[in-house]
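Peer 1: Sharing model12.pdb here; it has PDB, N, CA and C atoms.
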```pdb
MODEL        1
ATOM      1  N   MET A   1       6.500  37.233  -6.104
ATOM      2  CA  MET A   1       6.970  36.105  -5.338
ATOM      3  C   MET A   1       7.097  34.899  -6.266
ATOM      4  N   ASP A   2       8.194  34.184  -6.149
ATOM      5  CA  ASP A   2       8.411  32.983  -6.948
ATOM      6  C   ASP A   2       7.637  31.807  -6.363
ATOM      7  N   THR A   3       7.125  30.970  -7.245
ATOM      8  CA  THR A   3       6.497  29.726  -6.813
ATOM      9  C   THR A   3       7.145  28.571  -7.558
ATOM     10  N   TYR A   4       6.963  27.367  -7.014
ATOM     11  CA  TYR A   4       7.627  26.182  -7.550
ATOM     12  C   TYR A   4       6.605  25.070  -7.728
ATOM     13  N   PRO A   5       6.605  24.406  -8.873
ATOM     14  CA  PRO A   5       5.619  23.347  -9.114
ATOM     15  C   PRO A   5       5.925  22.093  -8.305
ATOM     16  N   LYS A   6       4.882  21.513  -7.747
ATOM     17  CA  LYS A   6       4.977  20.260  -6.994
ATOM     18  C   LYS A   6       3.732  19.439  -7.283
ATOM     19  N   LYS A   7       3.676  18.264  -6.730
ATOM     20  CA  LYS A   7       2.510  17.385  -6.807
ATOM     21  C   LYS A   7       1.931  17.222  -5.401
ATOM     22  N   ARG A   8       0.605  17.233  -5.321
ATOM     23  CA  ARG A   8      -0.091  16.982  -4.053
ATOM     24  C   ARG A   8      -0.738  15.605  -4.166
ATOM     25  N   LEU A   9      -0.334  14.714  -3.290
ATOM     26  CA  LEU A   9      -0.865  13.365  -3.247
ATOM     27  C   LEU A   9      -1.813  13.276  -2.059
ATOM     28  N   GLU A  10      -3.053  12.872  -2.302
ATOM     29  CA  GLU A  10      -4.044  12.687  -1.243
ATOM     30  C   GLU A  10      -4.500  11.243  -1.263
ATOM     31  N   ILE A  11      -4.454  10.621  -0.106
ATOM     32  CA  ILE A  11      -4.865   9.227   0.025
ATOM     33  C   ILE A  11      -5.919   9.170   1.121
ATOM     34  N   ILE A  12      -7.116   8.709   0.784
ATOM     35  CA  ILE A  12      -8.160   8.491   1.782
ATOM     36  C   ILE A  12      -8.307   6.990   1.918
ATOM     37  N   VAL A  13      -8.149   6.502   3.143
ATOM     38  CA  VAL A  13      -8.141   5.059   3.366
ATOM     39  C   VAL A  13      -8.723   4.748   4.743
ATOM     40  N   GLU A  14      -9.114   3.505   4.940
ATOM     41  CA  GLU A  14      -9.609   3.064   6.233
ATOM     42  C   GLU A  14      -8.514   3.208   7.294
ATOM     43  N   ALA A  15      -8.900   3.661   8.468
ATOM     44  CA  ALA A  15      -7.941   3.912   9.546
ATOM     45  C   ALA A  15      -7.062   2.703   9.885
ATOM     46  N   PRO A  16      -7.574   1.474   9.878
ATOM     47  CA  PRO A  16      -6.695   0.342  10.191
ATOM     48  C   PRO A  16      -5.529   0.153   9.216
ATOM     49  N   ALA A  17      -5.629   0.706   8.016
ATOM     50  CA  ALA A  17      -4.545   0.591   7.029
ATOM     51  C   ALA A  17      -3.544   1.732   7.124
ATOM     52  N   LEU A  18      -3.794   2.701   7.995
ATOM     53  CA  LEU A  18      -2.962   3.905   8.055
ATOM     54  C   LEU A  18      -1.483   3.594   8.227
ATOM     55  N   ASN A  19      -1.118   2.809   9.208
ATOM     56  CA  ASN A  19       0.307   2.562   9.459
ATOM     57  C   ASN A  19       0.993   1.878   8.283
ATOM     58  N   ARG A  20       0.288   0.993   7.596
ATOM     59  CA  ARG A  20       0.886   0.341   6.415
ATOM     60  C   ARG A  20       1.129   1.351   5.302
ATOM     61  N   VAL A  21       0.190   2.274   5.111
ATOM     62  CA  VAL A  21       0.363   3.307   4.083
ATOM     63  C   VAL A  21       1.527   4.228   4.458
ATOM     64  N   LEU A  22       1.593   4.644   5.728
ATOM     65  CA  LEU A  22       2.687   5.520   6.158
ATOM     66  C   LEU A  22       4.035   4.823   6.023
ATOM     67  N   ASN A  23       4.102   3.545   6.353
ATOM     68  CA  ASN A  23       5.354   2.793   6.177
ATOM     69  C   ASN A  23       5.758   2.733   4.706
ATOM     70  N   ALA A  24       4.785   2.550   3.824
ATOM     71  CA  ALA A  24       5.080   2.526   2.389
ATOM     72  C   ALA A  24       5.601   3.880   1.916
ATOM     73  N   LEU A  25       5.004   4.968   2.410
ATOM     74  CA  LEU A  25       5.484   6.308   2.052
ATOM     75  C   LEU A  25       6.895   6.539   2.581
ATOM     76  N   ASP A  26       7.151   6.098   3.807
ATOM     77  CA  ASP A  26       8.498   6.229   4.375
ATOM     78  C   ASP A  26       9.512   5.460   3.538
ATOM     79  N   GLN A  27       9.158   4.245   3.102
ATOM     80  CA  GLN A  27      10.073   3.444   2.291
ATOM     81  C   GLN A  27      10.291   4.065   0.912
ATOM     82  N   ALA A  28       9.352   4.895   0.462
ATOM     83  CA  ALA A  28       9.503   5.589  -0.822
ATOM     84  C   ALA A  28      10.258   6.908  -0.654
ATOM     85  N   ASP A  29      10.785   7.157   0.547
ATOM     86  CA  ASP A  29      11.569   8.356   0.846
ATOM     87  C   ASP A  29      10.749   9.640   0.846
ATOM     88  N   VAL A  30       9.446   9.539   1.146
ATOM     89  CA  VAL A  30       8.610  10.732   1.304
ATOM     90  C   VAL A  30       9.042  11.401   2.606
ATOM     91  N   SER A  31       9.416  12.669   2.533
ATOM     92  CA  SER A  31       9.993  13.344   3.695
ATOM     93  C   SER A  31       8.958  13.895   4.665
ATOM     94  N   GLY A  32       7.708  14.014   4.232
ATOM     95  CA  GLY A  32       6.697  14.534   5.137
ATOM     96  C   GLY A  32       5.290  14.301   4.628
ATOM     97  N   TYR A  33       4.367  14.253   5.552
ATOM     98  CA  TYR A  33       2.955  14.088   5.231
ATOM     99  C   TYR A  33       2.140  14.553   6.424
ATOM    100  N   THR A  34       0.866  14.759   6.201
ATOM    101  CA  THR A  34      -0.069  15.131   7.258
ATOM    102  C   THR A  34      -1.230  14.160   7.197
ATOM    103  N   VAL A  35      -1.683  13.715   8.366
ATOM    104  CA  VAL A  35      -2.815  12.797   8.456
ATOM    105  C   VAL A  35      -3.966  13.535   9.117
ATOM    106  N   LEU A  36      -5.123  13.477   8.464
ATOM    107  CA  LEU A  36      -6.326  14.146   8.958
ATOM    108  C   LEU A  36      -7.460  13.136   9.093
ATOM    109  N   PRO A  37      -8.349  13.316  10.078
ATOM    110  CA  PRO A  37      -9.521  12.437  10.135
ATOM    111  C   PRO A  37     -10.506  12.807   9.034
ATOM    112  N   ALA A  38     -11.064  11.813   8.390
ATOM    113  CA  ALA A  38     -12.149  12.038   7.435
ATOM    114  C   ALA A  38     -13.444  11.860   8.228
ATOM    115  N   LEU A  39     -14.228  12.909   8.341
ATOM    116  CA  LEU A  39     -15.385  12.913   9.235
ATOM    117  C   LEU A  39     -16.651  12.347   8.618
ATOM    118  N   ALA A  40     -16.866  12.578   7.343
ATOM    119  CA  ALA A  40     -18.069  12.104   6.667
ATOM    120  C   ALA A  40     -17.864  12.221   5.169
ATOM    121  N   GLY A  41     -18.734  11.548   4.422
ATOM    122  CA  GLY A  41     -18.646  11.642   2.981
ATOM    123  C   GLY A  41     -19.783  10.890   2.317
ATOM    124  N   LYS A  42     -19.689  10.822   1.028
ATOM    125  CA  LYS A  42     -20.676  10.083   0.252
ATOM    126  C   LYS A  42     -19.954   9.465  -0.923
ATOM    127  N   GLY A  43     -20.161   8.197  -1.130
ATOM    128  CA  GLY A  43     -19.498   7.504  -2.214
ATOM    129  C   GLY A  43     -20.449   6.602  -2.963
ATOM    130  N   SER A  44     -19.889   5.616  -3.632
ATOM    131  CA  SER A  44     -20.685   4.723  -4.469
ATOM    132  C   SER A  44     -21.705   3.916  -3.668
ATOM    133  N   LYS A  45     -21.453   3.742  -2.393
ATOM    134  CA  LYS A  45     -22.384   2.986  -1.544
ATOM    135  C   LYS A  45     -23.215   3.899  -0.663
ATOM    136  N   GLY A  46     -23.221   5.187  -0.986
ATOM    137  CA  GLY A  46     -24.053   6.124  -0.244
ATOM    138  C   GLY A  46     -23.277   6.905   0.800
ATOM    139  N   PRO A  47     -24.004   7.667   1.619
ATOM    140  CA  PRO A  47     -23.345   8.502   2.624
ATOM    141  C   PRO A  47     -22.824   7.686   3.805
ATOM    142  N   TRP A  48     -21.803   8.223   4.446
ATOM    143  CA  TRP A  48     -21.252   7.615   5.656
ATOM    144  C   TRP A  48     -20.777   8.737   6.561
ATOM    145  N   GLN A  49     -20.630   8.428   7.840
ATOM    146  CA  GLN A  49     -20.017   9.389   8.755
ATOM    147  C   GLN A  49     -19.325   8.658   9.883
ATOM    148  N   ARG A  50     -18.318   9.275  10.407
ATOM    149  CA  ARG A  50     -17.468   8.710  11.438
ATOM    150  C   ARG A  50     -18.184   8.625  12.780
ATOM    151  N   GLU A  51     -19.051   9.582  13.032
ATOM    152  CA  GLU A  51     -19.737   9.674  14.320
ATOM    153  C   GLU A  51     -20.515   8.396  14.609
ATOM    154  N   GLY A  52     -20.361   7.893  15.813
ATOM    155  CA  GLY A  52     -21.099   6.717  16.238
ATOM    156  C   GLY A  52     -20.400   5.399  15.992
ATOM    157  N   LEU A  53     -19.294   5.393  15.272
ATOM    158  CA  LEU A  53     -18.567   4.146  15.050
ATOM    159  C   LEU A  53     -17.799   3.776  16.308
ATOM    160  N   VAL A  54     -17.879   2.516  16.705
ATOM    161  CA  VAL A  54     -17.226   2.102  17.945
ATOM    162  C   VAL A  54     -15.832   1.521  17.727
ATOM    163  N   SER A  55     -15.505   1.179  16.492
ATOM    164  CA  SER A  55     -14.160   0.670  16.224
ATOM    165  C   SER A  55     -13.544   1.468  15.083
ATOM    166  N   ALA A  56     -12.268   1.247  14.867
ATOM    167  CA  ALA A  56     -11.562   1.950  13.793
ATOM    168  C   ALA A  56     -11.894   1.380  12.421
ATOM    169  N   ALA A  57     -12.571   0.231  12.379
ATOM    170  CA  ALA A  57     -12.803  -0.462  11.106
ATOM    171  C   ALA A  57     -13.519   0.397  10.067
ATOM    172  N   GLY A  58     -14.490   1.200  10.452
ATOM    173  CA  GLY A  58     -15.210   2.009   9.490
ATOM    174  C   GLY A  58     -14.720   3.433   9.395
ATOM    175  N   LYS A  59     -13.744   3.784  10.208
ATOM    176  CA  LYS A  59     -13.232   5.152  10.204
ATOM    177  C   LYS A  59     -12.261   5.345   9.053
ATOM    178  N   MET A  60     -12.249   6.551   8.525
ATOM    179  CA  MET A  60     -11.397   6.884   7.385
ATOM    180  C   MET A  60     -10.435   8.001   7.787
ATOM    181  N   VAL A  61      -9.275   8.023   7.148
ATOM    182  CA  VAL A  61      -8.288   9.085   7.342
ATOM    183  C   VAL A  61      -7.812   9.562   5.977
ATOM    184  N   MET A  62      -7.305  10.779   5.942
ATOM    185  CA  MET A  62      -6.730  11.316   4.712
ATOM    186  C   MET A  62      -5.265  11.660   4.971
ATOM    187  N   ILE A  63      -4.410  11.209   4.089
ATOM    188  CA  ILE A  63      -2.975  11.489   4.154
ATOM    189  C   ILE A  63      -2.662  12.436   3.003
ATOM    190  N   VAL A  64      -2.016  13.557   3.325
ATOM    191  CA  VAL A  64      -1.677  14.565   2.319
ATOM    192  C   VAL A  64      -0.158  14.705   2.262
ATOM    193  N   CYS A  65       0.398  14.646   1.056
ATOM    194  CA  CYS A  65       1.838  14.821   0.839
ATOM    195  C   CYS A  65       2.032  15.839  -0.285
ATOM    196  N   ILE A  66       3.044  16.679  -0.153
ATOM    197  CA  ILE A  66       3.472  17.563  -1.235
ATOM    198  C   ILE A  66       4.855  17.070  -1.661
ATOM    199  N   LEU A  67       5.004  16.774  -2.959
ATOM    200  CA  LEU A  67       6.198  16.076  -3.433
ATOM    201  C   LEU A  67       6.715  16.651  -4.746
ATOM    202  N   ASP A  68       7.990  16.383  -5.024
ATOM    203  CA  ASP A  68       8.524  16.607  -6.368
ATOM    204  C   ASP A  68       7.880  15.589  -7.295
ATOM    205  N   GLU A  69       7.787  15.908  -8.569
ATOM    206  CA  GLU A  69       7.113  15.025  -9.524
ATOM    207  C   GLU A  69       7.734  13.630  -9.560
ATOM    208  N   GLU A  70       9.060  13.541  -9.524
ATOM    209  CA  GLU A  70       9.734  12.243  -9.574
ATOM    210  C   GLU A  70       9.369  11.387  -8.370
ATOM    211  N   LEU A  71       9.334  11.988  -7.204
ATOM    212  CA  LEU A  71       9.023  11.248  -5.989
ATOM    213  C   LEU A  71       7.542  10.877  -5.923
ATOM    214  N   ALA A  72       6.694  11.666  -6.536
ATOM    215  CA  ALA A  72       5.257  11.375  -6.537
ATOM    216  C   ALA A  72       4.986  10.022  -7.204
ATOM    217  N   GLY A  73       5.644   9.751  -8.303
ATOM    218  CA  GLY A  73       5.474   8.467  -8.977
ATOM    219  C   GLY A  73       5.934   7.310  -8.113
ATOM    220  N   LYS A  74       7.052   7.484  -7.452
ATOM    221  CA  LYS A  74       7.576   6.450  -6.560
ATOM    222  C   LYS A  74       6.621   6.224  -5.388
ATOM    223  N   ALA A  75       6.077   7.297  -4.836
ATOM    224  CA  ALA A  75       5.132   7.187  -3.721
ATOM    225  C   ALA A  75       3.860   6.481  -4.164
ATOM    226  N   LEU A  76       3.350   6.821  -5.342
ATOM    227  CA  LEU A  76       2.156   6.153  -5.870
ATOM    228  C   LEU A  76       2.393   4.660  -6.037
ATOM    229  N   ASP A  77       3.530   4.303  -6.589
ATOM    230  CA  ASP A  77       3.863   2.886  -6.758
ATOM    231  C   ASP A  77       3.904   2.168  -5.410
ATOM    232  N   SER A  78       4.428   2.833  -4.390
ATOM    233  CA  SER A  78       4.596   2.182  -3.088
ATOM    234  C   SER A  78       3.272   1.933  -2.375
ATOM    235  N   VAL A  79       2.267   2.759  -2.624
ATOM    236  CA  VAL A  79       0.986   2.582  -1.925
ATOM    237  C   VAL A  79      -0.073   1.880  -2.777
ATOM    238  N   PHE A  80       0.182   1.714  -4.062
ATOM    239  CA  PHE A  80      -0.839   1.184  -4.965
ATOM    240  C   PHE A  80      -1.395  -0.160  -4.498
ATOM    241  N   ASP A  81      -0.538  -1.108  -4.186
ATOM    242  CA  ASP A  81      -1.011  -2.439  -3.782
ATOM    243  C   ASP A  81      -1.801  -2.396  -2.479
ATOM    244  N   LEU A  82      -1.455  -1.482  -1.599
ATOM    245  CA  LEU A  82      -2.181  -1.361  -0.330
ATOM    246  C   LEU A  82      -3.584  -0.810  -0.526
ATOM    247  N   ILE A  83      -3.740   0.078  -1.478
ATOM    248  CA  ILE A  83      -5.013   0.758  -1.687
ATOM    249  C   ILE A  83      -5.937  -0.023  -2.614
ATOM    250  N   THR A  84      -5.381  -0.758  -3.549
ATOM    251  CA  THR A  84      -6.164  -1.397  -4.602
ATOM    252  C   THR A  84      -7.323  -2.246  -4.072
ATOM    253  N   HIS A  85      -7.108  -2.989  -3.020
ATOM    254  CA  HIS A  85      -8.128  -3.914  -2.528
ATOM    255  C   HIS A  85      -8.817  -3.417  -1.261
ATOM    256  N   ARG A  86      -8.768  -2.116  -1.015
ATOM    257  CA  ARG A  86      -9.383  -1.527   0.171
ATOM    258  C   ARG A  86     -10.325  -0.417  -0.241
ATOM    259  N   ILE A  87     -11.140  -0.025   0.724
ATOM    260  CA  ILE A  87     -11.940   1.176   0.519
ATOM    261  C   ILE A  87     -10.971   2.341   0.551
ATOM    262  N   GLY A  88     -11.002   3.192  -0.443
ATOM    263  CA  GLY A  88     -10.108   4.335  -0.435
ATOM    264  C   GLY A  88     -10.044   5.031  -1.780
ATOM    265  N   ILE A  89      -9.438   6.188  -1.733
ATOM    266  CA  ILE A  89      -9.296   7.025  -2.926
ATOM    267  C   ILE A  89      -7.881   7.590  -2.933
ATOM    268  N   VAL A  90      -7.282   7.641  -4.109
ATOM    269  CA  VAL A  90      -5.980   8.273  -4.276
ATOM    270  C   VAL A  90      -6.113   9.317  -5.376
ATOM    271  N   THR A  91      -5.703  10.534  -5.079
ATOM    272  CA  THR A  91      -5.687  11.586  -6.100
ATOM    273  C   THR A  91      -4.313  12.244  -6.107
ATOM    274  N   ILE A  92      -3.978  12.787  -7.263
ATOM    275  CA  ILE A  92      -2.745  13.559  -7.387
ATOM    276  C   ILE A  92      -3.071  14.801  -8.205
ATOM    277  N   SER A  93      -2.563  15.932  -7.754
ATOM    278  CA  SER A  93      -2.854  17.186  -8.454
ATOM    279  C   SER A  93      -1.613  18.058  -8.485
ATOM    280  N   ASN A  94      -1.639  19.030  -9.372
ATOM    281  CA  ASN A  94      -0.553  19.996  -9.483
ATOM    282  C   ASN A  94      -0.793  21.136  -8.497
ATOM    283  N   VAL A  95       0.254  21.517  -7.780
ATOM    284  CA  VAL A  95       0.192  22.651  -6.864
ATOM    285  C   VAL A  95       1.443  23.496  -7.029
ATOM    286  N   GLU A  96       1.399  24.684  -6.478
ATOM    287  CA  GLU A  96       2.552  25.581  -6.444
ATOM    288  C   GLU A  96       2.879  25.859  -4.982
ATOM    289  N   VAL A  97       4.166  25.850  -4.627
ATOM    290  CA  VAL A  97       4.594  26.172  -3.267
ATOM    291  C   VAL A  97       5.516  27.385  -3.308
ATOM    292  N   VAL A  98       5.631  28.071  -2.179
ATOM    293  CA  VAL A  98       6.500  29.247  -2.132
ATOM    294  C   VAL A  98       7.856  28.936  -1.496
ATOM    295  N   ARG A  99       7.969  27.807  -0.812
ATOM    296  CA  ARG A  99       9.241  27.424  -0.203
ATOM    297  C   ARG A  99       9.692  26.089  -0.788
ATOM    298  N   ASP A 100      10.403  26.141  -1.884
ATOM    299  CA  ASP A 100      10.810  24.960  -2.640
ATOM    300  C   ASP A 100      11.610  23.981  -1.788
ATOM    301  N   LYS A 101      12.462  24.453  -0.952
ATOM    302  CA  LYS A 101      13.372  23.590  -0.173
ATOM    303  C   LYS A 101      12.648  22.771   0.888
ATOM    304  N   ARG A 102      11.399  23.118   1.210
ATOM    305  CA  ARG A 102      10.649  22.382   2.233
ATOM    306  C   ARG A 102      10.088  21.067   1.716
ATOM    307  N   PHE A 103      10.101  20.873   0.382
ATOM    308  CA  PHE A 103       9.436  19.699  -0.179
ATOM    309  C   PHE A 103      10.353  18.921  -1.087
TER     310      PHE A 103
ENDMDL
END
```
So that I can check it, write out the structure of this file as structure tokens.

Peer 2:
Amino acid sequence: MDTYPKKRLEIIVEAPALNRVLNALDQADVSGYTVLPALAGKGSKGPWQREGLVSAAGKMVMIVCILDEELAGKALDSVFDLITHRIGIVTISNVEVVRDKRF
């Protein structure tokens, strides 16, 4: 089976910033993404969990995109300013897909 190289962009950010990040991805011509709730974790300030929070302020979400390498750079540029001054993490990794035309 043939596979095709792509980039996987993962953005973990506070839930209140979600729509701004998605708008930035849309403006960068990202054709698709998936948003998942981040339930718990541990970072530089210790462990945290979503359970028991009464507002969206402390809740985190993860946005996952699979992109061509050229578009990955454009997407990173579009979200950089939004993420820089917020709680969040951005990672990019190499992946292989089996349906090249979907991404």

Peer 1: Using backbone DSSP assignments, extract all helix (DSSP H, G or I) residues from chain A; output them as a PyMOL selection string.

Peer 2: chain A and resi 15-27+56-58+69-84+100-102

Peer 1: Quick one: residues within 12 Å of Asn19 (chain A), only C-alpha atoms, excluding same-chain residues fewer than 4 positions away - as a PyMOL selection string?

Peer 2: chain A and resi 13-15+23-26+35+61+63+79+82

Peer 1: Write out the residues from the selection above, keeping N, CA and C atoms, as a PDB file, in the coordinates of the input.

Peer 2:
```pdb
ATOM      1  N   VAL A  13      -8.149   6.502   3.143  1.00  0.00           N
ATOM      2  CA  VAL A  13      -8.141   5.059   3.366  1.00  0.00           C
ATOM      3  C   VAL A  13      -8.723   4.748   4.743  1.00  0.00           C
ATOM      4  N   GLU A  14      -9.114   3.505   4.940  1.00  0.00           N
ATOM      5  CA  GLU A  14      -9.609   3.064   6.233  1.00  0.00           C
ATOM      6  C   GLU A  14      -8.514   3.208   7.294  1.00  0.00           C
ATOM      7  N   ALA A  15      -8.900   3.661   8.468  1.00  0.00           N
ATOM      8  CA  ALA A  15      -7.941   3.912   9.546  1.00  0.00           C
ATOM      9  C   ALA A  15      -7.062   2.703   9.885  1.00  0.00           C
ATOM     10  N   ASN A  23       4.102   3.545   6.353  1.00  0.00           N
ATOM     11  CA  ASN A  23       5.354   2.793   6.177  1.00  0.00           C
ATOM     12  C   ASN A  23       5.758   2.733   4.706  1.00  0.00           C
ATOM     13  N   ALA A  24       4.785   2.550   3.824  1.00  0.00           N
ATOM     14  CA  ALA A  24       5.080   2.526   2.389  1.00  0.00           C
ATOM     15  C   ALA A  24       5.601   3.880   1.916  1.00  0.00           C
ATOM     16  N   LEU A  25       5.004   4.968   2.410  1.00  0.00           N
ATOM     17  CA  LEU A  25       5.484   6.308   2.052  1.00  0.00           C
ATOM     18  C   LEU A  25       6.895   6.539   2.581  1.00  0.00           C
ATOM     19  N   ASP A  26       7.151   6.098   3.807  1.00  0.00           N
ATOM     20  CA  ASP A  26       8.498   6.229   4.375  1.00  0.00           C
ATOM     21  C   ASP A  26       9.512   5.460   3.538  1.00  0.00           C
ATOM     22  N   VAL A  35      -1.683  13.715   8.366  1.00  0.00           N
ATOM     23  CA  VAL A  35      -2.815  12.797   8.456  1.00  0.00           C
ATOM     24  C   VAL A  35      -3.966  13.535   9.117  1.00  0.00           C
ATOM     25  N   VAL A  61      -9.275   8.023   7.148  1.00  0.00           N
ATOM     26  CA  VAL A  61      -8.288   9.085   7.342  1.00  0.00           C
ATOM     27  C   VAL A  61      -7.812   9.562   5.977  1.00  0.00           C
ATOM     28  N   ILE A  63      -4.410  11.209   4.089  1.00  0.00           N
ATOM     29  CA  ILE A  63      -2.975  11.489   4.154  1.00  0.00           C
ATOM     30  C   ILE A  63      -2.662  12.436   3.003  1.00  0.00           C
ATOM     31  N   VAL A  79       2.267   2.759  -2.624  1.00  0.00           N
ATOM     32  CA  VAL A  79       0.986   2.582  -1.925  1.00  0.00           C
ATOM     33  C   VAL A  79      -0.073   1.880  -2.777  1.00  0.00           C
ATOM     34  N   LEU A  82      -1.455  -1.482  -1.599  1.00  0.00           N
ATOM     35  CA  LEU A  82      -2.181  -1.361  -0.330  1.00  0.00           C
ATOM     36  C   LEU A  82      -3.584  -0.810  -0.526  1.00  0.00           C
TER      37      LEU A  82
END
```

Peer 1: Determine the residue membership of the PyMOL selection byres ((chain A and resi 4) around 6) for the file above and supply it as a list in words.

Peer 2: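 Output from the PyMOL selection byres ((chain A and resi 4) around 6), applied to this file: Asp2, Thr3, Pro5, Lys6, Val95, Glu96, Val97, Val98 and Asp100 of chain A.
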
Peer 1: Write the residues you've just listed into a file as a CSV table (one decimal), in the frame of the given file, and include N, CA and C atoms for each of them.

Peer 2:
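Wrote it out as again-v5.csv, contents follow:
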```
chain,number,residue,atom,x,y,z
A,2,ASP,N,8.2,34.2,-6.1
A,2,ASP,CA,8.4,33.0,-6.9
A,2,ASP,C,7.6,31.8,-6.4
A,3,THR,N,7.1,31.0,-7.2
A,3,THR,CA,6.5,29.7,-6.8
A,3,THR,C,7.1,28.6,-7.6
A,5,PRO,N,6.6,24.4,-8.9
A,5,PRO,CA,5.6,23.3,-9.1
A,5,PRO,C,5.9,22.1,-8.3
A,6,LYS,N,4.9,21.5,-7.7
A,6,LYS,CA,5.0,20.3,-7.0
A,6,LYS,C,3.7,19.4,-7.3
A,95,VAL,N,0.3,21.5,-7.8
A,95,VAL,CA,0.2,22.7,-6.9
A,95,VAL,C,1.4,23.5,-7.0
A,96,GLU,N,1.4,24.7,-6.5
A,96,GLU,CA,2.6,25.6,-6.4
A,96,GLU,C,2.9,25.9,-5.0
A,97,VAL,N,4.2,25.8,-4.6
A,97,VAL,CA,4.6,26.2,-3.3
A,97,VAL,C,5.5,27.4,-3.3
A,98,VAL,N,5.6,28.1,-2.2
A,98,VAL,CA,6.5,29.2,-2.1
A,98,VAL,C,7.9,28.9,-1.5
A,100,ASP,N,10.4,26.1,-1.9
A,100,ASP,CA,10.8,25.0,-2.6
A,100,ASP,C,11.6,24.0,-1.8
```

Peer 1: Evaluate the PyMOL selection byres (((chain A and resi 69 and name CA) around 10) and name CA) here and jot the selected residues down as a PyMOL selection string.

Peer 2: chain A and resi 5-8+66-68+70-75+94

Peer 1: To one decimal place in Å, what is the distance between CA of Gly46 (chain A) and CA of Asp81 (chain A)?

Peer 2: 24.8 Å

Peer 1: Have a look at A:Ile12, A:Met1, A:Leu18, A:Val64 and name the one nearest to Gly32 (chain A); count all atoms listed in the file.

Peer 2: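 The answer is A:Val64, which sits nearest to Gly32 (chain A).
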
Peer 1: Please report, as a ChimeraX atom specification, each residue of chain A to which DSSP assigns strand (DSSP E or B) when run on this structure's backbone.

Peer 2: /A:4-14,34-38,40-43,46-49,60-67,88-97

Peer 1: Pick the closest to Thr34 (chain A) from A:Ile92, A:Leu9, A:Arg86, A:Arg99: which is it, counting only C-alpha atoms?

Peer 2: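 Result for the nearest residue to Thr34 (chain A): A:Leu9.
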
Peer 1: Just to confirm, what's the straight-line distance from atom N of Ser44 (chain A) to atom N of Val90 (chain A) in Å (one decimal)?

Peer 2: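 Calculated distance between atom N of Ser44 (chain A) and atom N of Val90 (chain A) is 12.8 Å.
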
Peer 1: Edge lengths and centre, in Å to one decimal, as lines of an AutoDock Vina configuration file: that's what I need for the box along x, y and z that holds all listed atoms of region 37-46 of chain A plus 3 Å on each side.

Peer 2:
```
center_x = -16.2
center_y = 8.2
center_z = 2.8
size_x = 21.7
size_y = 16.3
size_z = 20.6
```

Peer 1: Take CA of Val30 (chain A) and CA of Cys65 (chain A) and report the distance between them in Å, one decimal.

Peer 2: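 If I compute the distance from CA of Val30 (chain A) to CA of Cys65 (chain A), I get 7.9 Å.
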
Peer 1: Given all atoms listed in the file as the basis, pick out the residue of A:Ile11, A:Met60, A:Leu76, A:Ala40 nearest to Ala28 (chain A).

Peer 2: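 With all atoms listed in the file as the atom set, the closest residue is A:Leu76.
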
Peer 1: Which residue gives the smallest distance to Met62 (chain A) among A:Pro16, A:Glu10, A:Thr84, A:Trp48, with all atoms listed in the file counted?

Peer 2: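 Answer, going by the shortest atom-to-atom distance: A:Glu10.
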
Peer 1: Choose the residue, out of A:Phe80, A:Ser93, A:Ile87, A:Lys59, that has the smallest atom-to-atom separation from Lys45 (chain A); count only C-alpha atoms.

Peer 2: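 Of all the options, A:Ile87 lies closest to Lys45 (chain A).
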
Peer 1: When you count only C-alpha atoms, which of these residues is closest to Asp77 (chain A): A:Lys101, A:Tyr33, A:Ile89, A:Gln27?

Peer 2: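 Of A:Lys101, A:Tyr33, A:Ile89, A:Gln27, the one nearest Asp77 (chain A), counting only C-alpha atoms, is A:Gln27.
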